[in-house]
file protein.cif (mmCIF, C-alpha atoms and all ligand atoms)
data_query
loop_
_atom_site.label_atom_id
_atom_site.label_comp_id
_atom_site.auth_asym_id
_atom_site.auth_seq_id
_atom_site.Cartn_x
_atom_site.Cartn_y
_atom_site.Cartn_z
CA MET A 1 0.00 0.00 0.00
CA ASN A 2 1.43 3.35 -1.00
CA THR A 3 0.98 5.71 1.91
CA ASN A 4 2.44 8.97 0.58
CA ALA A 5 -0.44 11.40 0.62
CA ASN A 6 0.06 14.26 -1.82
CA ASN A 7 -1.11 17.83 -1.73
CA ALA A 8 -4.64 17.50 -3.10
CA PRO A 9 -7.18 19.08 -0.74
CA VAL A 10 -10.00 17.03 0.76
CA ARG A 11 -13.19 17.49 -1.26
CA ARG A 12 -14.79 14.11 -0.65
CA ALA A 13 -14.60 12.09 2.58
CA LEU A 14 -15.95 8.78 3.80
CA ILE A 15 -16.73 8.20 7.47
CA VAL A 16 -17.07 4.59 8.61
CA GLY A 17 -19.20 4.46 11.78
CA GLY A 18 -22.12 6.64 12.86
CA GLY A 19 -21.43 6.88 16.61
CA PHE A 20 -20.81 10.17 18.43
CA SER A 21 -17.32 10.59 16.88
CA GLY A 22 -18.32 9.77 13.31
CA MET A 23 -21.43 11.98 13.42
CA ALA A 24 -19.40 14.89 14.85
CA ALA A 25 -16.85 14.47 12.04
CA ALA A 26 -19.63 14.53 9.44
CA ILE A 27 -21.10 17.75 10.86
CA GLU A 28 -17.72 19.53 11.05
CA LEU A 29 -16.58 18.49 7.55
CA ARG A 30 -19.90 19.53 6.03
CA LYS A 31 -19.48 22.99 7.64
CA ARG A 32 -16.29 23.26 5.56
CA GLY A 33 -17.95 22.24 2.31
CA VAL A 34 -16.59 18.69 2.14
CA ASP A 35 -18.86 16.09 0.48
CA VAL A 36 -19.41 13.45 3.16
CA ASP A 37 -20.60 9.86 2.90
CA LEU A 38 -21.20 8.18 6.25
CA VAL A 39 -21.74 4.42 6.42
CA GLU A 40 -23.17 2.86 9.57
CA ILE A 41 -23.36 -0.91 9.88
CA ASP A 42 -26.50 -0.91 12.04
CA ALA A 43 -29.54 -0.56 9.77
CA GLY A 44 -31.53 0.86 12.73
CA TRP A 45 -28.75 3.34 13.75
CA ARG A 46 -29.57 2.39 17.34
CA SER A 47 -27.82 3.59 20.46
CA TYR A 48 -27.91 1.35 23.51
CA GLY A 49 -27.41 2.18 27.15
CA ALA A 50 -28.79 4.26 29.93
CA GLY A 51 -27.58 7.73 30.74
CA ILE A 52 -24.31 9.31 29.74
CA SER A 53 -22.53 11.84 31.95
CA LEU A 54 -20.81 14.77 30.30
CA GLY A 55 -18.24 17.24 31.59
CA GLY A 56 -17.86 20.92 30.77
CA ALA A 57 -15.42 20.13 27.96
CA THR A 58 -18.09 18.00 26.28
CA LEU A 59 -20.59 20.86 26.54
CA ARG A 60 -17.96 23.18 25.00
CA ALA A 61 -17.64 20.70 22.10
CA PHE A 62 -21.46 20.66 21.78
CA ARG A 63 -21.41 24.45 21.50
CA THR A 64 -18.90 24.25 18.62
CA LEU A 65 -20.90 21.50 16.92
CA GLY A 66 -24.09 23.55 17.27
CA ILE A 67 -26.09 21.09 19.41
CA LEU A 68 -25.71 22.72 22.84
CA ASP A 69 -29.20 24.30 22.92
CA GLU A 70 -30.82 21.01 21.95
CA PHE A 71 -28.81 19.21 24.65
CA LEU A 72 -29.90 21.78 27.27
CA ARG A 73 -33.52 21.34 26.15
CA ARG A 74 -33.58 17.53 26.16
CA GLY A 75 -30.93 16.62 28.75
CA SER A 76 -29.83 17.97 32.11
CA ALA A 77 -27.03 20.41 32.90
CA HIS A 78 -25.70 20.92 36.43
CA ASP A 79 -22.63 22.07 38.37
CA ASN A 80 -20.33 20.10 40.68
CA VAL A 81 -19.96 16.45 41.68
CA ASP A 82 -20.43 15.51 45.35
CA LEU A 83 -18.20 12.66 46.57
CA HIS A 84 -19.37 10.79 49.69
CA THR A 85 -18.35 7.78 51.73
CA SER A 86 -20.65 4.74 51.50
CA GLY A 87 -22.18 5.95 54.78
CA GLY A 88 -23.18 9.29 53.26
CA HIS A 89 -20.43 11.51 54.74
CA LEU A 90 -19.51 14.25 52.24
CA LEU A 91 -15.82 13.85 51.35
CA ALA A 92 -15.54 16.64 48.79
CA THR A 93 -17.47 18.67 46.28
CA LEU A 94 -15.53 18.60 43.03
CA PRO A 95 -16.04 21.89 41.24
CA THR A 96 -16.83 21.43 37.55
CA PRO A 97 -15.52 24.52 35.74
CA ARG A 98 -17.99 26.25 33.40
CA ILE A 99 -15.87 25.45 30.36
CA ALA A 100 -18.61 25.96 27.78
CA GLY A 101 -19.19 29.54 28.97
CA PRO A 102 -20.38 31.39 32.08
CA ASP A 103 -24.00 30.75 31.13
CA VAL A 104 -23.65 26.95 30.87
CA PRO A 105 -23.27 24.64 33.89
CA GLY A 106 -20.00 22.71 34.18
CA GLY A 107 -21.46 19.28 33.45
CA GLY A 108 -24.58 17.29 32.78
CA ALA A 109 -26.10 14.05 31.64
CA ILE A 110 -28.60 12.81 29.09
CA MET A 111 -30.12 9.55 27.95
CA ARG A 112 -27.69 8.03 25.45
CA PRO A 113 -30.34 7.40 22.75
CA VAL A 114 -31.50 11.03 23.09
CA LEU A 115 -27.96 12.36 22.52
CA ALA A 116 -27.57 9.98 19.57
CA ALA A 117 -30.85 11.27 18.10
CA ILE A 118 -29.76 14.92 18.51
CA LEU A 119 -26.49 14.18 16.69
CA ALA A 120 -28.22 12.11 14.00
CA GLU A 121 -30.66 14.97 13.30
CA ALA A 122 -27.72 17.41 13.03
CA THR A 123 -25.81 14.98 10.78
CA ARG A 124 -28.73 14.64 8.37
CA ALA A 125 -29.36 18.39 8.47
CA SER A 126 -25.69 19.01 7.57
CA GLY A 127 -26.26 17.38 4.19
CA ALA A 128 -24.05 14.36 4.85
CA ASN A 129 -25.09 11.32 2.81
CA VAL A 130 -25.92 8.68 5.46
CA ARG A 131 -26.14 5.03 4.41
CA LEU A 132 -27.41 2.61 7.03
CA GLY A 133 -26.87 -1.14 7.12
CA CYS A 134 -23.79 -0.68 4.97
CA THR A 135 -20.03 -0.75 5.51
CA PHE A 136 -16.80 -1.04 3.58
CA ALA A 137 -15.86 -4.38 2.07
CA SER A 138 -12.31 -3.38 1.08
CA PHE A 139 -10.17 -0.33 0.42
CA ALA A 140 -6.97 0.42 -1.46
CA GLN A 141 -5.14 3.74 -1.41
CA ASP A 142 -2.61 5.47 -3.62
CA ASP A 143 -1.03 8.93 -3.42
CA ASP A 144 -4.16 10.71 -4.60
CA GLY A 145 -7.06 8.91 -2.99
CA VAL A 146 -8.69 5.84 -1.49
CA ASP A 147 -10.81 3.42 -3.53
CA VAL A 148 -13.51 1.87 -1.38
CA ALA A 149 -15.79 -1.06 -2.17
CA PHE A 150 -18.95 -1.31 -0.07
CA THR A 151 -20.97 -4.27 1.17
CA ASP A 152 -23.94 -3.14 -0.98
CA GLY A 153 -21.80 -3.67 -4.11
CA SER A 154 -21.15 0.04 -4.80
CA LYS A 155 -17.69 1.61 -5.18
CA ALA A 156 -16.39 5.13 -4.69
CA ARG A 157 -13.13 7.08 -4.46
CA TYR A 158 -12.35 9.49 -1.61
CA ASP A 159 -9.69 12.04 -0.69
CA LEU A 160 -9.94 10.98 2.95
CA VAL A 161 -11.39 8.04 4.90
CA ILE A 162 -12.16 8.37 8.63
CA GLY A 163 -12.50 5.20 10.68
CA ALA A 164 -14.90 5.82 13.58
CA ASP A 165 -16.25 2.32 14.04
CA GLY A 166 -15.58 2.03 17.76
CA LEU A 167 -13.92 -0.33 20.21
CA TYR A 168 -14.13 -3.44 18.03
CA SER A 169 -13.16 -1.55 14.88
CA THR A 170 -12.79 -3.42 11.62
CA MET A 171 -11.07 -0.34 10.16
CA ARG A 172 -8.38 -0.55 12.87
CA ALA A 173 -7.89 -4.29 12.33
CA THR A 174 -7.58 -3.75 8.55
CA LEU A 175 -5.30 -0.71 8.69
CA PHE A 176 -3.14 -1.86 11.62
CA PRO A 177 -3.34 -5.68 11.81
CA ASP A 178 -0.89 -5.73 14.73
CA ALA A 179 -2.87 -3.28 16.86
CA PRO A 180 -3.62 -4.38 20.43
CA SER A 181 -7.09 -5.69 21.21
CA PRO A 182 -9.38 -4.12 23.83
CA ALA A 183 -8.45 -5.32 27.32
CA TYR A 184 -10.85 -6.15 30.16
CA THR A 185 -10.02 -3.92 33.14
CA GLY A 186 -11.33 -6.07 36.01
CA GLN A 187 -14.47 -4.00 36.61
CA GLY A 188 -18.01 -4.04 35.34
CA VAL A 189 -20.62 -1.32 35.50
CA TRP A 190 -24.31 -1.62 36.29
CA ARG A 191 -26.69 1.07 35.10
CA ALA A 192 -30.40 1.76 35.45
CA VAL A 193 -32.83 4.59 34.66
CA LEU A 194 -35.29 5.65 37.34
CA PRO A 195 -37.69 8.48 38.24
CA ARG A 196 -35.81 11.49 39.67
CA PRO A 197 -36.02 12.05 43.46
CA ALA A 198 -36.20 15.83 44.12
CA GLU A 199 -32.84 15.91 45.93
CA VAL A 200 -30.95 14.47 42.93
CA ASP A 201 -30.45 17.76 41.11
CA HIS A 202 -26.74 17.28 40.32
CA ALA A 203 -24.16 14.47 40.10
CA MET A 204 -23.47 12.52 43.31
CA MET A 205 -21.14 9.61 44.02
CA TRP A 206 -20.65 7.27 47.00
CA LEU A 207 -17.33 5.46 47.37
CA GLY A 208 -17.54 2.14 49.20
CA PRO A 209 -14.43 0.14 50.08
CA LYS A 210 -14.46 -1.32 46.53
CA ILE A 211 -17.90 -0.63 45.06
CA LYS A 212 -18.79 2.84 43.78
CA ALA A 213 -22.33 4.09 43.21
CA GLY A 214 -23.40 7.30 41.51
CA VAL A 215 -26.47 9.12 40.24
CA ALA A 216 -27.05 12.00 37.85
CA PRO A 217 -30.22 13.59 36.48
CA VAL A 218 -30.68 12.93 32.75
CA SER A 219 -33.76 15.17 32.46
CA ASP A 220 -36.22 16.89 34.79
CA GLN A 221 -38.03 13.59 35.30
CA GLU A 222 -35.34 10.90 35.29
CA ILE A 223 -31.97 9.97 36.75
CA TYR A 224 -29.52 7.28 35.86
CA LEU A 225 -27.85 5.15 38.47
CA TYR A 226 -24.48 3.47 37.99
CA VAL A 227 -22.58 1.05 40.17
CA THR A 228 -19.04 -0.13 39.40
CA GLU A 229 -18.03 -3.52 40.73
CA ASP A 230 -14.73 -5.42 40.60
CA ARG A 231 -14.83 -8.87 38.99
CA ALA A 232 -11.60 -10.75 38.34
CA GLU A 233 -13.01 -12.47 35.23
CA ARG A 234 -14.98 -11.01 32.36
CA THR A 235 -18.23 -12.85 33.06
CA HIS A 236 -21.52 -13.04 31.23
CA ILE A 237 -24.38 -12.42 33.63
CA ASP A 238 -27.85 -13.75 32.89
CA PRO A 239 -30.18 -10.70 32.64
CA ALA A 240 -32.68 -12.58 34.83
CA ARG A 241 -30.22 -12.02 37.72
CA PHE A 242 -29.68 -8.29 37.07
CA LEU A 243 -32.31 -6.99 39.50
CA PRO A 244 -31.35 -9.03 42.60
CA MET A 245 -27.64 -8.56 41.95
CA LEU A 246 -27.91 -4.77 41.64
CA GLN A 247 -30.13 -4.61 44.75
CA GLU A 248 -27.53 -6.60 46.66
CA LEU A 249 -24.67 -4.33 45.55
CA LEU A 250 -26.56 -1.27 46.81
CA ALA A 251 -27.56 -2.83 50.14
CA PRO A 252 -24.38 -1.82 52.09
CA PHE A 253 -24.77 1.90 51.22
CA ASP A 254 -26.27 3.48 54.34
CA VAL A 255 -27.64 6.51 52.51
CA PRO A 256 -31.36 7.41 52.51
CA VAL A 257 -31.46 8.69 48.90
CA LEU A 258 -29.65 5.60 47.55
CA GLN A 259 -31.89 3.28 49.57
CA ALA A 260 -34.98 5.08 48.25
CA ILE A 261 -33.62 4.60 44.71
CA ARG A 262 -32.88 0.94 45.47
CA ALA A 263 -36.46 0.46 46.65
CA GLN A 264 -37.70 1.80 43.31
CA LEU A 265 -35.78 -0.82 41.30
CA GLY A 266 -38.18 -3.36 39.86
CA GLU A 267 -38.75 -5.76 36.99
CA SER A 268 -39.52 -2.82 34.67
CA SER A 269 -36.27 -0.93 35.46
CA GLN A 270 -33.98 -0.86 32.45
CA ILE A 271 -30.91 -2.49 34.06
CA ILE A 272 -27.73 -3.07 32.05
CA TYR A 273 -24.45 -4.73 33.05
CA ARG A 274 -21.29 -4.21 31.01
CA PRO A 275 -17.71 -5.41 31.63
CA LEU A 276 -15.34 -2.45 31.22
CA GLU A 277 -12.66 -2.50 28.55
CA GLY A 278 -9.99 -0.06 27.51
CA LEU A 279 -7.71 0.51 24.55
CA LEU A 280 -5.05 3.06 23.69
CA LEU A 281 -3.60 2.55 20.23
CA PRO A 282 0.03 3.68 20.11
CA ARG A 283 0.71 6.27 17.44
CA PRO A 284 0.36 6.54 14.47
CA TRP A 285 -3.41 6.81 14.19
CA HIS A 286 -3.30 7.33 10.44
CA ARG A 287 -1.79 5.72 7.39
CA GLY A 288 -1.76 7.65 4.15
CA ARG A 289 -5.23 9.11 3.65
CA ILE A 290 -6.99 6.99 6.28
CA VAL A 291 -7.29 8.22 9.87
CA LEU A 292 -8.90 6.68 12.95
CA ILE A 293 -10.76 8.66 15.62
CA GLY A 294 -12.76 8.13 18.83
CA ASP A 295 -13.03 4.79 20.62
CA THR A 296 -11.38 3.19 17.60
CA VAL A 297 -8.04 4.50 18.91
CA HIS A 298 -8.68 5.59 22.53
CA ALA A 299 -11.46 3.76 24.35
CA THR A 300 -11.53 4.93 27.95
CA THR A 301 -13.37 3.42 30.89
CA PRO A 302 -16.15 5.77 32.07
CA HIS A 303 -14.44 6.89 35.33
CA MET A 304 -13.99 10.47 34.08
CA ALA A 305 -17.14 10.44 31.90
CA SER A 306 -15.03 11.71 29.02
CA GLY A 307 -15.07 9.05 26.27
CA ALA A 308 -17.69 10.85 24.20
CA CYS A 309 -15.88 14.13 24.84
CA ILE A 310 -12.51 13.10 23.45
CA GLY A 311 -14.09 11.37 20.45
CA ILE A 312 -16.11 14.46 19.53
CA GLU A 313 -13.09 16.70 20.13
CA ASP A 314 -11.13 14.50 17.68
CA ALA A 315 -13.68 15.42 15.03
CA LEU A 316 -13.42 19.15 15.78
CA VAL A 317 -9.61 19.14 15.70
CA LEU A 318 -9.42 16.96 12.58
CA ALA A 319 -11.69 19.34 10.65
CA GLN A 320 -9.65 22.35 11.84
CA GLU A 321 -6.35 20.79 10.77
CA LEU A 322 -7.70 19.75 7.38
CA GLU A 323 -8.76 23.36 6.85
CA ARG A 324 -5.33 24.67 7.93
CA HIS A 325 -3.15 22.38 5.81
CA ASP A 326 -2.75 22.01 2.07
CA CYS A 327 -1.65 18.41 2.34
CA VAL A 328 -3.52 15.55 3.98
CA ASP A 329 -0.36 14.11 5.52
CA GLY A 330 0.44 17.39 7.26
CA ALA A 331 -3.13 17.73 8.52
CA LEU A 332 -3.27 14.19 9.89
CA GLY A 333 0.13 14.56 11.57
CA ALA A 334 -0.95 17.83 13.19
CA PHE A 335 -4.25 16.24 14.26
CA GLU A 336 -2.43 13.42 16.01
CA GLU A 337 0.05 15.80 17.62
CA ARG A 338 -2.79 17.82 19.15
CA ARG A 339 -4.82 14.81 20.29
CA TRP A 340 -2.36 12.23 21.60
CA GLU A 341 -1.45 13.65 25.01
CA ARG A 342 -4.98 14.65 25.99
CA CYS A 343 -6.48 11.30 24.98
CA ARG A 344 -3.64 9.33 26.62
CA MET A 345 -4.19 11.30 29.82
CA VAL A 346 -7.93 10.54 29.90
CA VAL A 347 -7.51 6.81 29.14
CA GLU A 348 -4.66 6.30 31.62
CA ASN A 349 -6.12 8.41 34.44
CA SER A 350 -9.49 6.66 34.07
CA GLY A 351 -7.68 3.31 34.12
CA ARG A 352 -5.82 4.30 37.29
CA LEU A 353 -9.09 5.25 39.01
CA GLY A 354 -10.38 1.76 38.21
CA GLU A 355 -7.22 0.16 39.63
CA ILE A 356 -7.60 2.12 42.88
CA GLU A 357 -11.25 1.07 43.15
CA ILE A 358 -10.40 -2.62 42.50
CA ALA A 359 -7.65 -2.57 45.16
CA GLY A 360 -9.80 -0.68 47.67
CA GLY A 361 -6.95 1.85 47.52
CA ASP A 362 -6.29 5.41 48.54
CA LYS A 363 -9.43 7.60 48.34
CA ALA A 364 -7.27 10.74 48.52
CA GLU A 365 -5.32 9.67 45.41
CA HIS A 366 -8.65 8.85 43.73
CA GLY A 367 -10.00 12.34 44.47
CA ARG A 368 -6.73 13.98 43.38
CA ILE A 369 -6.70 12.19 40.02
CA MET A 370 -10.33 13.16 39.40
CA ARG A 371 -9.60 16.80 40.25
CA ASP A 372 -6.39 16.94 38.14
CA THR A 373 -8.13 15.36 35.17
CA LEU A 374 -11.04 17.82 35.37
CA VAL A 375 -8.55 20.71 35.43
CA ALA A 376 -6.61 19.29 32.45
CA LEU A 377 -9.83 18.78 30.48
CA ALA A 378 -10.69 22.46 30.95
CA GLY A 379 -7.61 23.38 28.87
CA ALA A 380 -7.93 24.41 25.25
CA ILE A 381 -8.05 21.58 22.72
C1 LIG A 401 -20.39 1.36 30.21
C2 LIG A 401 -19.91 2.62 29.58
C3 LIG A 401 -20.27 3.85 30.10
C4 LIG A 401 -19.82 5.03 29.51
N1 LIG A 401 -20.18 6.21 30.05
C5 LIG A 401 -19.72 7.34 29.51
C6 LIG A 401 -20.07 8.58 30.07
O1 LIG A 401 -20.79 8.64 31.08
N2 LIG A 401 -19.61 9.70 29.47
C7 LIG A 401 -18.81 9.66 28.33
O2 LIG A 401 -18.42 10.72 27.81
N3 LIG A 401 -18.45 8.48 27.79
C8 LIG A 401 -18.89 7.33 28.34
N4 LIG A 401 -18.55 6.16 27.79
C9 LIG A 401 -17.69 6.15 26.59
C10 LIG A 401 -18.47 6.51 25.34
O3 LIG A 401 -19.65 5.74 25.25
C11 LIG A 401 -17.62 6.26 24.11
O4 LIG A 401 -16.35 6.85 24.28
C12 LIG A 401 -18.26 6.83 22.85
O5 LIG A 401 -19.52 6.22 22.64
C13 LIG A 401 -17.36 6.59 21.65
O6 LIG A 401 -18.00 7.00 20.47
P1 LIG A 401 -17.46 6.50 19.06
O7 LIG A 401 -18.35 7.15 18.06
O8 LIG A 401 -16.00 6.74 18.98
O9 LIG A 401 -17.65 4.94 19.06
P2 LIG A 401 -19.02 4.10 19.15
O10 LIG A 401 -19.99 4.75 20.03
O11 LIG A 401 -18.63 2.71 19.45
O12 LIG A 401 -19.61 4.18 17.66
C14 LIG A 401 -19.14 3.37 16.62
C15 LIG A 401 -20.21 3.27 15.56
O13 LIG A 401 -19.70 2.55 14.45
C16 LIG A 401 -20.63 1.55 14.06
N5 LIG A 401 -19.85 0.48 13.45
C17 LIG A 401 -19.18 -0.52 14.07
N6 LIG A 401 -18.54 -1.28 13.15
C18 LIG A 401 -18.80 -0.73 11.95
C19 LIG A 401 -18.41 -1.03 10.63
N7 LIG A 401 -17.59 -2.05 10.36
N8 LIG A 401 -18.88 -0.26 9.63
C20 LIG A 401 -19.69 0.79 9.86
N9 LIG A 401 -20.10 1.12 11.09
C21 LIG A 401 -19.64 0.39 12.13
C22 LIG A 401 -21.36 1.17 15.33
O14 LIG A 401 -22.62 0.59 15.04
C23 LIG A 401 -21.47 2.53 16.02
O15 LIG A 401 -22.61 3.23 15.59
C24 LIG A 401 -18.98 4.97 28.37
C25 LIG A 401 -18.62 3.73 27.82
C26 LIG A 401 -19.06 2.57 28.43
C27 LIG A 401 -18.66 1.25 27.85
#
call {"tool": "encode", "arguments": {"input": "protein.cif", "output": "structure tokens", "more": "lines below"}}
Ligand SMILES: Cc1cc2nc3c(=O)[nH]c(=O)nc-3n(C[C@H](O)[C@H](O)[C@H](O)COP(=O)(O)OP(=O)(O)OC[C@H]3O[C@@H](n4cnc5c(N)ncnc54)[C@H](O)[C@@H]3O)c2cc1C
result
Amino acid sequence: MNTNANNAPVRRALIVGGGFSGMAAAIELRKRGVDVDLVEIDAGWRSYGAGISLGGATLRAFRTLGILDEFLRRGSAHDNVDLHTSGGHLLATLPTPRIAGPDVPGGGAIMRPVLAAILAEATRASGANVRLGCTFASFAQDDDGVDVAFTDGSKARYDLVIGADGLYSTMRATLFPDAPSPAYTGQGVWRAVLPRPAEVDHAMMWLGPKIKAGVAPVSDQEIYLYVTEDRAERTHIDPARFLPMLQELLAPFDVPVLQAIRAQLGESSQIIYRPLEGLLLPRPWHRGRIVLIGDTVHATTPHMASGACIGIEDALVLAQELERHDCVDGALGAFEERRWERCRMVVENSGRLGEIEIAGGDKAEHGRIMRDTLVALAGAI
């Protein structure tokens, strides 16, 4: 494969994967007049999961994308995160800087399918050509472009291909066959969506010896609950056991609001369990005219609630660098240079928080890493 990208500007781009990162890339490239095809393997373009927590840096990225108002209308924005012991004693209130502007709270949360719908509406409105239930079958690049064959039998040539197909990326496996695989971290996370008790008007967390529980409003009416649990092996859990297992994990927390939430859990609660995995692809993240973004190259555990943030930021920075440079190679090199340290920091700090939780380790170090990471995320991208 010839990987010397020449100086032709990007007029036509393909994005593989319609998750948060791929949709953000489509929106940003369309703003700059690039013709965008986006292929998404899931014919229903579904988004699974409960709530998703978002920091101030994510809200700043939403502002740039142009979806902040819609997020504020359909999600929940709030300041600060309260950290407690499992007995309810307040350890610290972590300030969440108002990174998106003085008028926008420093964090928030929203139902994941609602955020996906907001981004999908903006992607379609941008004029990107979205093809569902379709993906690449093969690609071959030369100095001037990338020839792509699709699973629906069609073929097209692009100036740039962006792989945004997530943790189990086929793009990554094809472009970098020796890339590491996602690794199980030794923790799983339980999540559920429940009616909002009046006192849950911002993010709150309770740190047990090893188990951590947290809640955040996702709208005026609902909250999502998460519980992280250490498990030496990556186990499959029968969904029939979800309810009693989650109730049991919450039992030791001697906190009235958590016990009231626990009492609300029932057969109709949408409970999900997911083993946590991480991946940080060593550089490079591009080869020739093909670049990888989002979870495809830096999948973080959710300890800093920043996975969506760094994926969407990738899209913003990539579009900026493509605009700044005459040659694709220069743009992709500059993109990687700007993104590597920030994404490494999020993945590794989140991983360290998980290690401390698994070991029942130092709560002060845990709090310090959270605070340092929040401060670093407030920096310019
Ligand atoms: C349990 C859990 C909780 C989390 N909580 C938070 C949180 O609170 N806050 C936060 O910011 N982040 C959180 N994250 C991380 C966040 O979900 C991810 O970082 C984010 O979804 C990454 O977006 P992405 O677009 O890069 O990848 P993905 O969301 O994985 O999107 C990839 C897309 O590509 C599609 N696709 C896959 N293969 C192909 C193919 N071959 N061809 C075409 N399309 C394909 C998929 O269907 C999907 O639509 C959490 C993650 C987990 C696992």
call {"tool": "residues_near_ligand", "arguments": {"input": "protein.cif", "ligand": "ligand LIG 401 (chain A)", "cutoff": "7 Å", "atoms": "all atoms listed in the file", "output": "ChimeraX atom specification"}}
result
/A:16-22,39-42,45,51-54,134-136,164-171,189,274,276,293-296,299-302,305-309,311
call {"tool": "residues_near_point", "arguments": {"input": "protein.cif", "point": "(-8.5, 18.3, 7.7)", "cutoff": "10 Å", "atoms": "only C-alpha atoms", "output": "list in words"}}
result
Pro9, Val10, Glu28, Leu29, Arg32, Val34, Leu160, Ala315, Leu316, Val317, Leu318, Ala319, Gln320, Glu321, Leu322, Glu323, Arg324, His325, Asp326, Cys327, Val328, Asp329, Gly330, Ala331, Leu332, Ala334 and Phe335 of chain A
call {"tool": "closest_atom_pairs", "arguments": {"input": "protein.cif", "of": "range 41-115 of chain A", "to": "range 204-208 of chain A", "cutoff": "6 Å", "atoms": "all atoms listed in the file", "output": "CSV"}}
result
residue,atom,partner,partner_atom,distance
A:Val81,CA,A:Met204,CA,5.5
A:Asp82,CA,A:Met204,CA,4.7
A:Leu83,CA,A:Met205,CA,4.9
A:His84,CA,A:Trp206,CA,4.6
A:Thr85,CA,A:Leu207,CA,5.0
A:Ser86,CA,A:Gly208,CA,4.7
call {"tool": "closest_residue", "arguments": {"input": "protein.cif", "among": "A:Leu279, A:Ala140, A:Arg131, A:Ala263", "to": "Pro195 in chain A", "atoms": "only C-alpha atoms"}}
result
A:Ala263
call {"tool": "closest_residue", "arguments": {"input": "protein.cif", "among": "A:Ala100, A:Ala364, A:Leu374, A:Ala260", "to": "Arg60 in chain A", "atoms": "only C-alpha atoms"}}
result
A:Ala100
call {"tool": "atom_distance", "arguments": {"input": "protein.cif", "atom1": "CA of Arg241 in chain A", "atom2": "CA of Pro113 in chain A"}}
result
24.5 Å
call {"tool": "atom_distance", "arguments": {"input": "protein.cif", "atom1": "CA of Gln221 in chain A", "atom2": "CA of Arg196 in chain A"}}
result
5.3 Å
call {"tool": "decode", "arguments": {"input": "protein.cif", "residues": "range 71-90 of chain A", "atoms": "C-alpha atoms", "output": "PDB file, in the first residue's frame"}}
result
ATOM      1  CA  PHE A  71     -28.814  19.209  24.650  1.00  0.00           C
ATOM      2  CA  LEU A  72     -29.902  21.780  27.269  1.00  0.00           C
ATOM      3  CA  ARG A  73     -33.524  21.337  26.147  1.00  0.00           C
ATOM      4  CA  ARG A  74     -33.580  17.534  26.157  1.00  0.00           C
ATOM      5  CA  GLY A  75     -30.928  16.621  28.745  1.00  0.00           C
ATOM      6  CA  SER A  76     -29.832  17.965  32.114  1.00  0.00           C
ATOM      7  CA  ALA A  77     -27.030  20.412  32.901  1.00  0.00           C
ATOM      8  CA  HIS A  78     -25.702  20.916  36.433  1.00  0.00           C
ATOM      9  CA  ASP A  79     -22.630  22.066  38.367  1.00  0.00           C
ATOM     10  CA  ASN A  80     -20.329  20.100  40.684  1.00  0.00           C
ATOM     11  CA  VAL A  81     -19.960  16.455  41.683  1.00  0.00           C
ATOM     12  CA  ASP A  82     -20.430  15.508  45.347  1.00  0.00           C
ATOM     13  CA  LEU A  83     -18.200  12.661  46.567  1.00  0.00           C
ATOM     14  CA  HIS A  84     -19.370  10.786  49.688  1.00  0.00           C
ATOM     15  CA  THR A  85     -18.348   7.777  51.727  1.00  0.00           C
ATOM     16  CA  SER A  86     -20.653   4.742  51.501  1.00  0.00           C
ATOM     17  CA  GLY A  87     -22.177   5.954  54.781  1.00  0.00           C
ATOM     18  CA  GLY A  88     -23.176   9.293  53.260  1.00  0.00           C
ATOM     19  CA  HIS A  89     -20.435  11.506  54.743  1.00  0.00           C
ATOM     20  CA  LEU A  90     -19.510  14.250  52.236  1.00  0.00           C
TER      21      LEU A  90
END
